[in-house]
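Here's the structure we're looking at; comments come further down.
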Protein chains: 2
Amino acid sequence: MADLDAEAVDIEIIAHGPNIRSKPETRLWLRLLSTTKLISTEIRKRLRAEFGATLPQFDLMAQLFREKEGLRLGELSKRTMVTNGNITGLVERLEADGLVLRETPTGDRRVTVAKLTPEGAKVFAAMAAAHEIWLRDLMGDVDPQLITSLWSQVGEIKASATNHMTGTAED
Amino acid sequence: MADLDAEAVDIEIIAHGPNIRSKPETRLWLRLLSTTKLISTEIRKRLRAEFGATLPQFDLMAQLFREKEGLRLGELSKRTMVTNGNITGLVERLEADGLVLRETPTGDRRVTVAKLTPEGAKVFAAMAAAHEIWLRDLMGDVDPQLITSLWSQVGEIKASATNHMTGTAED
DNA sequence: GCGAAACCTTTGACATTTGAAATATCGGTT
DNA sequence: AACCGATATTTCAAATGTCAAAGGTTTCGC
């Protein structure tokens, strides 16, 4: 951390209140972040309590659930936005639990394909059902039309962000 | 992870496409999550590259920046939504970097108050300025009015979620 | 003022996270 | 058939994350 020039910034802009003085983009960002964190924490808590699973495990299984033939680890990494190194450990733990299995296709030995075991599919189906109910519950006070329109509007944010970054990513 | 009943779930509802079959709440949630993760990753990358800081460190400093008298660690924990145990280490590292200092008020020796050092305030001011620019950049393609209206609409989601959870939290 | 309940922070055991470096394999060139 | 660049996964160190239990302190009821 280096020596930086404070005078370049109008302190007041950032200083007060619940971000009242921040620029709209920053305010929206802080709200997105806190909302997501809030709901994540709750979902994680419930996943843990009712299924002994973590959120990343749920995400990963969700991807495998809709690709019965399985997915390569790199593909899993992209889809879940989890780094490669992390996928390794995640899949290892799920394999140890008997929910996922790993296999190397005959053609290319660099590749590892992960797929759900029948047990894994069963467990995930139950988790997914609960997950949907939890979300309807958590968003229960919100007008259903707003939910739908938010989906596409947040999509605009996402598209813009994707446009303006060094790397890339998808849905 | 126990043996669960798959028949309880209509597989098709979850199975296909980019969540086309999911309920609106679930779709919105997945989009919020992926959008937030996308932007977080980019912000983290830039914070690291330009300031050698992490996102949790930035969050923590942001809270201290607008409370010149400092904040108790428990208060910091609530505001940043970071667990107590984690605040300890976070503040320790920032203190080691000379950006934050800890002191125990005379009145109550249970308490530790963290505040920014002058150096910390200087560094944060520069980070905050850059942060705002990055966000304007990332959301640059979006109609400014939409940004503002999203802020309040996402607020409705947040309020609803807050209403429907076991614990509590604030803005 | 004494003891119990309440409060604030730290500690400890572990799981997860990232980013970068290391490994392993493939495909094509020569 | 050895090599090079591109791919795919794993490993590693450091930071962050949770949860639960332990440590001091304060406050309150009596």
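Each chain of the structure tokens is named A, B, ... in the order shown, its residues numbered from 1; ligands are numbered from 1 in display order.
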Identify, on the basis of only C-alpha atoms (C1' of nucleotides), every residue whose closest approach to segment 6-21 of chain C does not exceed 9 Å; exclude the query and any residue fewer than 6 positions from it along the same chain; express the result as a PyMOL selection string. (chain A and resi 56+82-83+85-86+90) or (chain B and resi 73-74+84-85+88+110-112) or (chain D and resi 11-12+15-18+21-27)
I need the residues from that last selection saved to file as a compact mmCIF listing (two decimals), in the first residue's frame (with N, CA and C atoms (P, O5', C5', C4', C3', O3' and C1' of nucleotides)), if you can.
```txt
# COMPACT_ATOMS: atom_id res chain seq x y z
N PRO A 56 -21.59 -23.40 -2.50
CA PRO A 56 -20.84 -23.79 -3.70
C PRO A 56 -21.13 -25.23 -4.13
N VAL A 82 -16.38 -20.28 -10.29
CA VAL A 82 -15.48 -20.68 -9.22
C VAL A 82 -14.14 -20.98 -9.88
N THR A 83 -13.06 -20.57 -9.24
CA THR A 83 -11.77 -20.76 -9.87
C THR A 83 -11.42 -22.24 -9.99
N GLY A 85 -8.79 -23.98 -9.27
CA GLY A 85 -8.21 -24.64 -8.11
C GLY A 85 -9.26 -25.03 -7.09
N ASN A 86 -10.32 -24.26 -7.08
CA ASN A 86 -11.35 -24.51 -6.11
C ASN A 86 -12.27 -25.65 -6.52
N LEU A 90 -13.67 -28.93 -4.34
CA LEU A 90 -15.12 -29.03 -4.24
C LEU A 90 -15.59 -30.40 -4.73
N LEU B 73 -15.51 -3.13 17.21
CA LEU B 73 -15.38 -4.25 16.28
C LEU B 73 -16.72 -4.93 16.02
N GLY B 74 -17.54 -5.03 17.05
CA GLY B 74 -18.84 -5.65 16.86
C GLY B 74 -19.69 -4.86 15.88
N ASN B 84 -17.69 -11.88 13.59
CA ASN B 84 -16.79 -11.32 14.59
C ASN B 84 -15.38 -11.86 14.47
N GLY B 85 -15.28 -13.17 14.46
CA GLY B 85 -13.97 -13.79 14.45
C GLY B 85 -13.13 -13.32 13.28
N THR B 88 -11.53 -9.66 13.61
CA THR B 88 -10.27 -9.63 14.36
C THR B 88 -9.06 -9.69 13.44
N ARG B 110 -13.91 -3.92 27.73
CA ARG B 110 -14.26 -5.06 26.87
C ARG B 110 -14.11 -4.68 25.41
N VAL B 111 -14.22 -3.39 25.19
CA VAL B 111 -14.38 -2.88 23.84
C VAL B 111 -13.05 -2.58 23.16
N THR B 112 -13.00 -2.85 21.87
CA THR B 112 -11.90 -2.37 21.05
C THR B 112 -12.50 -1.50 19.95
P DT D 11 -3.38 -32.51 -6.20
O5' DT D 11 -2.38 -31.32 -5.88
C5' DT D 11 -1.13 -31.27 -6.54
C4' DT D 11 -0.37 -30.01 -6.16
C3' DT D 11 -0.37 -29.70 -4.66
O3' DT D 11 0.96 -29.34 -4.31
C1' DT D 11 -1.06 -27.81 -5.88
P DC D 12 1.46 -29.38 -2.80
O5' DC D 12 1.54 -27.82 -2.47
C5' DC D 12 2.34 -26.99 -3.29
C4' DC D 12 2.11 -25.53 -2.94
C3' DC D 12 1.85 -25.25 -1.46
O3' DC D 12 2.88 -24.40 -0.98
C1' DC D 12 0.31 -24.09 -2.86
P DA D 15 -1.82 -12.84 4.10
O5' DA D 15 -3.39 -12.77 3.79
C5' DA D 15 -3.82 -12.41 2.48
C4' DA D 15 -5.30 -12.66 2.36
C3' DA D 15 -6.12 -12.13 3.55
O3' DA D 15 -7.16 -11.32 3.04
C1' DA D 15 -6.65 -14.41 3.09
P DT D 16 -8.13 -10.60 4.00
O5' DT D 16 -9.36 -11.63 3.98
C5' DT D 16 -9.95 -11.95 2.75
C4' DT D 16 -11.02 -13.01 2.92
C3' DT D 16 -12.08 -12.65 3.97
O3' DT D 16 -13.32 -12.58 3.29
C1' DT D 16 -11.33 -14.90 4.19
P DG D 17 -14.63 -12.24 4.14
O5' DG D 17 -15.10 -13.67 4.68
C5' DG D 17 -15.94 -14.45 3.85
C4' DG D 17 -16.30 -15.74 4.53
C3' DG D 17 -16.90 -15.58 5.94
O3' DG D 17 -18.32 -15.50 5.84
C1' DG D 17 -15.33 -17.36 5.84
P DT D 18 -19.07 -15.26 7.24
O5' DT D 18 -19.24 -16.72 7.86
C5' DT D 18 -19.80 -17.76 7.08
C4' DT D 18 -19.74 -19.04 7.87
C3' DT D 18 -20.43 -18.92 9.23
O3' DT D 18 -21.58 -19.75 9.23
C1' DT D 18 -18.26 -19.95 9.41
P DA D 21 -19.97 -25.22 21.51
O5' DA D 21 -18.65 -24.73 22.25
C5' DA D 21 -17.39 -25.27 21.82
C4' DA D 21 -16.27 -24.46 22.43
C3' DA D 21 -16.45 -24.16 23.92
O3' DA D 21 -15.20 -24.27 24.55
C1' DA D 21 -16.17 -22.16 22.74
P DA D 22 -15.08 -24.22 26.16
O5' DA D 22 -14.04 -23.04 26.33
C5' DA D 22 -12.91 -22.98 25.47
C4' DA D 22 -12.24 -21.64 25.62
C3' DA D 22 -12.13 -21.17 27.07
O3' DA D 22 -10.82 -20.68 27.28
C1' DA D 22 -13.19 -19.52 25.77
P DG D 23 -10.32 -20.36 28.82
O5' DG D 23 -10.09 -18.80 28.83
C5' DG D 23 -10.18 -18.13 27.61
C4' DG D 23 -9.86 -16.69 27.76
C3' DG D 23 -9.95 -16.15 29.18
O3' DG D 23 -8.62 -15.77 29.55
C1' DG D 23 -11.53 -15.03 27.75
P DG D 24 -8.21 -14.85 30.75
O5' DG D 24 -8.58 -13.38 30.31
C5' DG D 24 -9.58 -12.70 31.08
C4' DG D 24 -9.86 -11.40 30.41
C3' DG D 24 -10.21 -10.31 31.42
O3' DG D 24 -9.86 -9.05 30.90
C1' DG D 24 -12.14 -10.91 30.16
P DT D 25 -9.71 -7.78 31.90
O5' DT D 25 -10.99 -6.89 31.57
C5' DT D 25 -12.23 -7.51 31.36
C4' DT D 25 -13.27 -6.46 31.04
C3' DT D 25 -13.62 -5.57 32.23
O3' DT D 25 -13.99 -4.29 31.75
C1' DT D 25 -15.43 -7.02 31.73
P DT D 26 -14.40 -3.16 32.77
O5' DT D 26 -15.99 -3.25 32.77
C5' DT D 26 -16.68 -3.06 31.54
C4' DT D 26 -18.15 -3.39 31.70
C3' DT D 26 -18.88 -2.58 32.77
O3' DT D 26 -19.97 -1.93 32.16
C1' DT D 26 -19.38 -4.88 32.95
P DT D 27 -20.79 -0.83 32.94
O5' DT D 27 -22.12 -1.63 33.30
C5' DT D 27 -22.64 -2.58 32.36
C4' DT D 27 -23.87 -3.26 32.95
C3' DT D 27 -24.59 -2.45 34.03
O3' DT D 27 -25.99 -2.63 33.85
C1' DT D 27 -23.95 -4.53 34.91
```
May I ask you to extract the residues of chain D within 9 Å of chain A, using only C-alpha atoms (C1' of nucleotides), and to give them as a VMD selection string? chain D and resid 7 to 11
Near DC2 of chain C, within 12 Å and counting only C-alpha atoms (C1' of nucleotides), which residues show up once chain neighbours fewer than 6 positions away are dropped, as a PyMOL selection string? chain D and resi 28-30
Fit chain A to chain B: least squares, all C-alpha atoms, paired in order; write the output as an mmCIF file with C-alpha atoms, in the first residue's frame.
```
data_model
loop_
_atom_site.group_PDB
_atom_site.id
_atom_site.type_symbol
_atom_site.label_atom_id
_atom_site.label_comp_id
_atom_site.auth_asym_id
_atom_site.auth_seq_id
_atom_site.Cartn_x
_atom_site.Cartn_y
_atom_site.Cartn_z
ATOM 1 C CA MET A 1 -26.174 -35.940 3.719
ATOM 2 C CA ALA A 2 -29.087 -38.271 4.084
ATOM 3 C CA ASP A 3 -31.270 -40.365 1.864
ATOM 4 C CA LEU A 4 -33.913 -38.150 0.371
ATOM 5 C CA ASP A 5 -36.976 -38.565 -1.741
ATOM 6 C CA ALA A 6 -36.430 -37.585 -5.363
ATOM 7 C CA GLU A 7 -39.972 -38.267 -6.435
ATOM 8 C CA ALA A 8 -41.149 -35.199 -4.566
ATOM 9 C CA VAL A 9 -39.647 -32.997 -7.280
ATOM 10 C CA ASP A 10 -40.544 -32.550 -10.884
ATOM 11 C CA ILE A 11 -37.139 -32.936 -12.446
ATOM 12 C CA GLU A 12 -38.111 -30.989 -15.519
ATOM 13 C CA ILE A 13 -38.696 -27.883 -13.531
ATOM 14 C CA ILE A 14 -35.059 -27.599 -12.678
ATOM 15 C CA ALA A 15 -33.427 -29.524 -15.435
ATOM 16 C CA HIS A 16 -33.024 -27.464 -18.564
ATOM 17 C CA GLY A 17 -31.600 -24.391 -20.153
ATOM 18 C CA PRO A 18 -30.352 -21.260 -18.447
ATOM 19 C CA ASN A 19 -32.871 -21.760 -15.673
ATOM 20 C CA ILE A 20 -35.757 -21.193 -18.049
ATOM 21 C CA ARG A 21 -37.887 -23.592 -16.075
ATOM 22 C CA SER A 22 -37.123 -22.197 -12.683
ATOM 23 C CA LYS A 23 -39.535 -20.085 -10.761
ATOM 24 C CA PRO A 24 -39.092 -16.344 -11.257
ATOM 25 C CA GLU A 25 -37.712 -15.859 -7.771
ATOM 26 C CA THR A 26 -35.052 -18.444 -8.378
ATOM 27 C CA ARG A 27 -34.157 -16.991 -11.720
ATOM 28 C CA LEU A 28 -33.838 -13.530 -10.252
ATOM 29 C CA TRP A 29 -31.742 -14.886 -7.446
ATOM 30 C CA LEU A 30 -29.349 -16.673 -9.774
ATOM 31 C CA ARG A 31 -28.995 -13.550 -11.810
ATOM 32 C CA LEU A 32 -28.360 -11.376 -8.782
ATOM 33 C CA LEU A 33 -25.783 -13.845 -7.583
ATOM 34 C CA SER A 34 -23.941 -14.129 -10.865
ATOM 35 C CA THR A 35 -24.018 -10.400 -11.506
ATOM 36 C CA THR A 36 -22.653 -9.629 -8.082
ATOM 37 C CA LYS A 37 -19.981 -12.256 -8.410
ATOM 38 C CA LEU A 38 -18.998 -10.935 -11.806
ATOM 39 C CA ILE A 39 -18.599 -7.359 -10.650
ATOM 40 C CA SER A 40 -16.986 -8.379 -7.364
ATOM 41 C CA THR A 41 -14.349 -10.320 -9.188
ATOM 42 C CA GLU A 42 -13.539 -7.375 -11.379
ATOM 43 C CA ILE A 43 -13.444 -4.879 -8.507
ATOM 44 C CA ARG A 44 -11.312 -7.228 -6.469
ATOM 45 C CA LYS A 45 -8.923 -7.645 -9.358
ATOM 46 C CA ARG A 46 -8.535 -3.905 -9.760
ATOM 47 C CA LEU A 47 -8.233 -3.220 -6.041
ATOM 48 C CA ARG A 48 -5.524 -5.789 -5.850
ATOM 49 C CA ALA A 49 -3.664 -4.566 -8.891
ATOM 50 C CA GLU A 50 -3.806 -0.866 -8.131
ATOM 51 C CA PHE A 51 -3.850 -0.718 -4.357
ATOM 52 C CA GLY A 52 -2.765 -4.117 -3.078
ATOM 53 C CA ALA A 53 -5.990 -4.265 -1.103
ATOM 54 C CA THR A 54 -8.782 -6.805 -0.836
ATOM 55 C CA LEU A 55 -12.510 -6.183 -1.089
ATOM 56 C CA PRO A 56 -13.233 -6.867 2.580
ATOM 57 C CA GLN A 57 -10.462 -4.496 3.538
ATOM 58 C CA PHE A 58 -11.999 -1.842 1.334
ATOM 59 C CA ASP A 59 -15.430 -2.388 2.868
ATOM 60 C CA LEU A 60 -14.077 -2.182 6.336
ATOM 61 C CA MET A 61 -12.145 0.988 5.659
ATOM 62 C CA ALA A 62 -15.219 2.523 4.058
ATOM 63 C CA GLN A 63 -17.096 2.140 7.310
ATOM 64 C CA LEU A 64 -14.269 3.620 9.321
ATOM 65 C CA PHE A 65 -13.861 6.464 6.877
ATOM 66 C CA ARG A 66 -17.251 7.866 7.695
ATOM 67 C CA GLU A 67 -16.914 7.413 11.415
ATOM 68 C CA LYS A 68 -13.926 9.469 12.326
ATOM 69 C CA GLU A 69 -14.234 8.523 15.983
ATOM 70 C CA GLY A 70 -13.876 4.885 15.022
ATOM 71 C CA LEU A 71 -16.150 1.885 15.482
ATOM 72 C CA ARG A 72 -16.260 -1.056 17.805
ATOM 73 C CA LEU A 73 -15.421 -4.326 16.182
ATOM 74 C CA GLY A 74 -18.890 -5.719 16.744
ATOM 75 C CA GLU A 75 -20.393 -2.701 15.047
ATOM 76 C CA LEU A 76 -17.981 -3.147 12.163
ATOM 77 C CA SER A 77 -19.080 -6.742 11.936
ATOM 78 C CA LYS A 78 -22.731 -5.773 11.603
ATOM 79 C CA ARG A 79 -22.135 -3.033 9.092
ATOM 80 C CA THR A 80 -19.874 -5.023 6.845
ATOM 81 C CA MET A 81 -21.823 -8.260 7.308
ATOM 82 C CA VAL A 82 -18.571 -9.955 8.123
ATOM 83 C CA THR A 83 -18.531 -12.378 11.014
ATOM 84 C CA ASN A 84 -16.893 -11.381 14.258
ATOM 85 C CA GLY A 85 -14.083 -13.841 14.000
ATOM 86 C CA ASN A 86 -13.211 -12.473 10.645
ATOM 87 C CA ILE A 87 -13.157 -8.855 11.713
ATOM 88 C CA THR A 88 -10.377 -9.698 14.112
ATOM 89 C CA GLY A 89 -7.997 -10.907 11.435
ATOM 90 C CA LEU A 90 -9.045 -8.227 8.992
ATOM 91 C CA VAL A 91 -8.286 -5.438 11.425
ATOM 92 C CA GLU A 92 -5.055 -7.125 12.444
ATOM 93 C CA ARG A 93 -3.773 -7.118 8.896
ATOM 94 C CA LEU A 94 -4.822 -3.528 8.309
ATOM 95 C CA GLU A 95 -3.141 -2.531 11.526
ATOM 96 C CA ALA A 96 0.032 -4.267 10.420
ATOM 97 C CA ASP A 97 -0.131 -2.187 7.252
ATOM 98 C CA GLY A 98 -0.459 0.983 9.292
ATOM 99 C CA LEU A 99 -3.872 1.855 7.865
ATOM 100 C CA VAL A 100 -5.949 1.204 10.955
ATOM 101 C CA LEU A 101 -5.291 1.386 14.654
ATOM 102 C CA ARG A 102 -6.979 -0.352 17.546
ATOM 103 C CA GLU A 103 -7.587 1.070 20.963
ATOM 104 C CA THR A 104 -9.529 0.083 24.033
ATOM 105 C CA PRO A 105 -11.663 2.845 25.489
ATOM 106 C CA THR A 106 -11.042 3.608 29.150
ATOM 107 C CA GLY A 107 -14.612 2.856 30.170
ATOM 108 C CA ASP A 108 -15.035 -0.703 28.939
ATOM 109 C CA ARG A 109 -12.129 -3.028 28.498
ATOM 110 C CA ARG A 110 -14.134 -5.607 26.598
ATOM 111 C CA VAL A 111 -14.341 -3.232 23.703
ATOM 112 C CA THR A 112 -11.892 -2.595 20.925
ATOM 113 C CA VAL A 113 -12.400 0.439 18.743
ATOM 114 C CA ALA A 114 -10.834 0.561 15.321
ATOM 115 C CA LYS A 115 -10.179 3.774 13.437
ATOM 116 C CA LEU A 116 -8.338 4.807 10.344
ATOM 117 C CA THR A 117 -4.884 6.270 10.677
ATOM 118 C CA PRO A 118 -4.252 9.466 8.678
ATOM 119 C CA GLU A 119 -2.395 7.283 6.223
ATOM 120 C CA GLY A 120 -5.367 4.941 6.112
ATOM 121 C CA ALA A 121 -7.746 7.787 5.360
ATOM 122 C CA LYS A 122 -5.493 8.993 2.571
ATOM 123 C CA VAL A 123 -5.267 5.563 1.008
ATOM 124 C CA PHE A 124 -8.975 4.955 1.337
ATOM 125 C CA ALA A 125 -9.895 8.257 -0.242
ATOM 126 C CA ALA A 126 -7.886 7.319 -3.289
ATOM 127 C CA MET A 127 -9.414 3.859 -3.405
ATOM 128 C CA ALA A 128 -12.925 5.228 -3.076
ATOM 129 C CA ALA A 129 -12.401 7.641 -5.928
ATOM 130 C CA ALA A 130 -11.145 4.864 -8.163
ATOM 131 C CA HIS A 131 -13.951 2.606 -7.002
ATOM 132 C CA GLU A 132 -16.601 5.078 -8.136
ATOM 133 C CA ILE A 133 -14.993 5.438 -11.494
ATOM 134 C CA TRP A 134 -14.796 1.691 -11.968
ATOM 135 C CA LEU A 135 -18.462 1.290 -11.231
ATOM 136 C CA ARG A 136 -19.500 4.041 -13.594
ATOM 137 C CA ASP A 137 -17.391 2.318 -16.158
ATOM 138 C CA LEU A 138 -18.824 -1.136 -15.507
ATOM 139 C CA MET A 139 -22.395 0.159 -15.595
ATOM 140 C CA GLY A 140 -21.674 2.548 -18.404
ATOM 141 C CA ASP A 141 -24.080 0.968 -20.897
ATOM 142 C CA VAL A 142 -27.059 1.263 -18.592
ATOM 143 C CA ASP A 143 -29.591 4.082 -18.674
ATOM 144 C CA PRO A 144 -28.914 6.298 -15.625
ATOM 145 C CA GLN A 145 -32.617 6.322 -14.787
ATOM 146 C CA LEU A 146 -32.605 2.564 -14.643
ATOM 147 C CA ILE A 147 -29.704 2.656 -12.219
ATOM 148 C CA THR A 148 -31.662 4.843 -9.864
ATOM 149 C CA SER A 149 -34.874 2.898 -10.116
ATOM 150 C CA LEU A 150 -33.048 -0.380 -9.651
ATOM 151 C CA TRP A 151 -31.617 0.961 -6.448
ATOM 152 C CA SER A 152 -35.045 1.346 -4.904
ATOM 153 C CA GLN A 153 -36.453 -1.813 -6.428
ATOM 154 C CA VAL A 154 -33.609 -3.951 -5.194
ATOM 155 C CA GLY A 155 -34.342 -2.266 -1.901
ATOM 156 C CA GLU A 156 -37.752 -3.923 -1.955
ATOM 157 C CA ILE A 157 -36.135 -7.302 -2.387
ATOM 158 C CA LYS A 158 -33.823 -6.569 0.458
ATOM 159 C CA ALA A 159 -36.640 -5.432 2.713
ATOM 160 C CA SER A 160 -38.656 -8.532 1.974
ATOM 161 C CA ALA A 161 -35.714 -10.820 2.631
ATOM 162 C CA THR A 162 -35.000 -9.034 5.880
ATOM 163 C CA ASN A 163 -38.604 -9.567 6.888
ATOM 164 C CA HIS A 164 -38.518 -13.268 6.307
ATOM 165 C CA MET A 165 -35.429 -14.364 8.096
ATOM 166 C CA THR A 166 -34.662 -15.675 11.504
ATOM 167 C CA GLY A 167 -32.027 -13.065 12.353
ATOM 168 C CA THR A 168 -31.844 -9.387 11.368
ATOM 169 C CA ALA A 169 -29.638 -6.968 9.423
ATOM 170 C CA GLU A 170 -29.560 -3.397 8.128
ATOM 171 C CA ASP A 171 -28.216 -1.188 5.380
#
```
Would you mind reading off the distance between atom C1' of DA22 of chain C and atom C1' of DG5 of chain D, one decimal, in Å?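 Spanning atom C1' of DA22 of chain C to atom C1' of DG5 of chain D is a straight-line distance of 16.8 Å.
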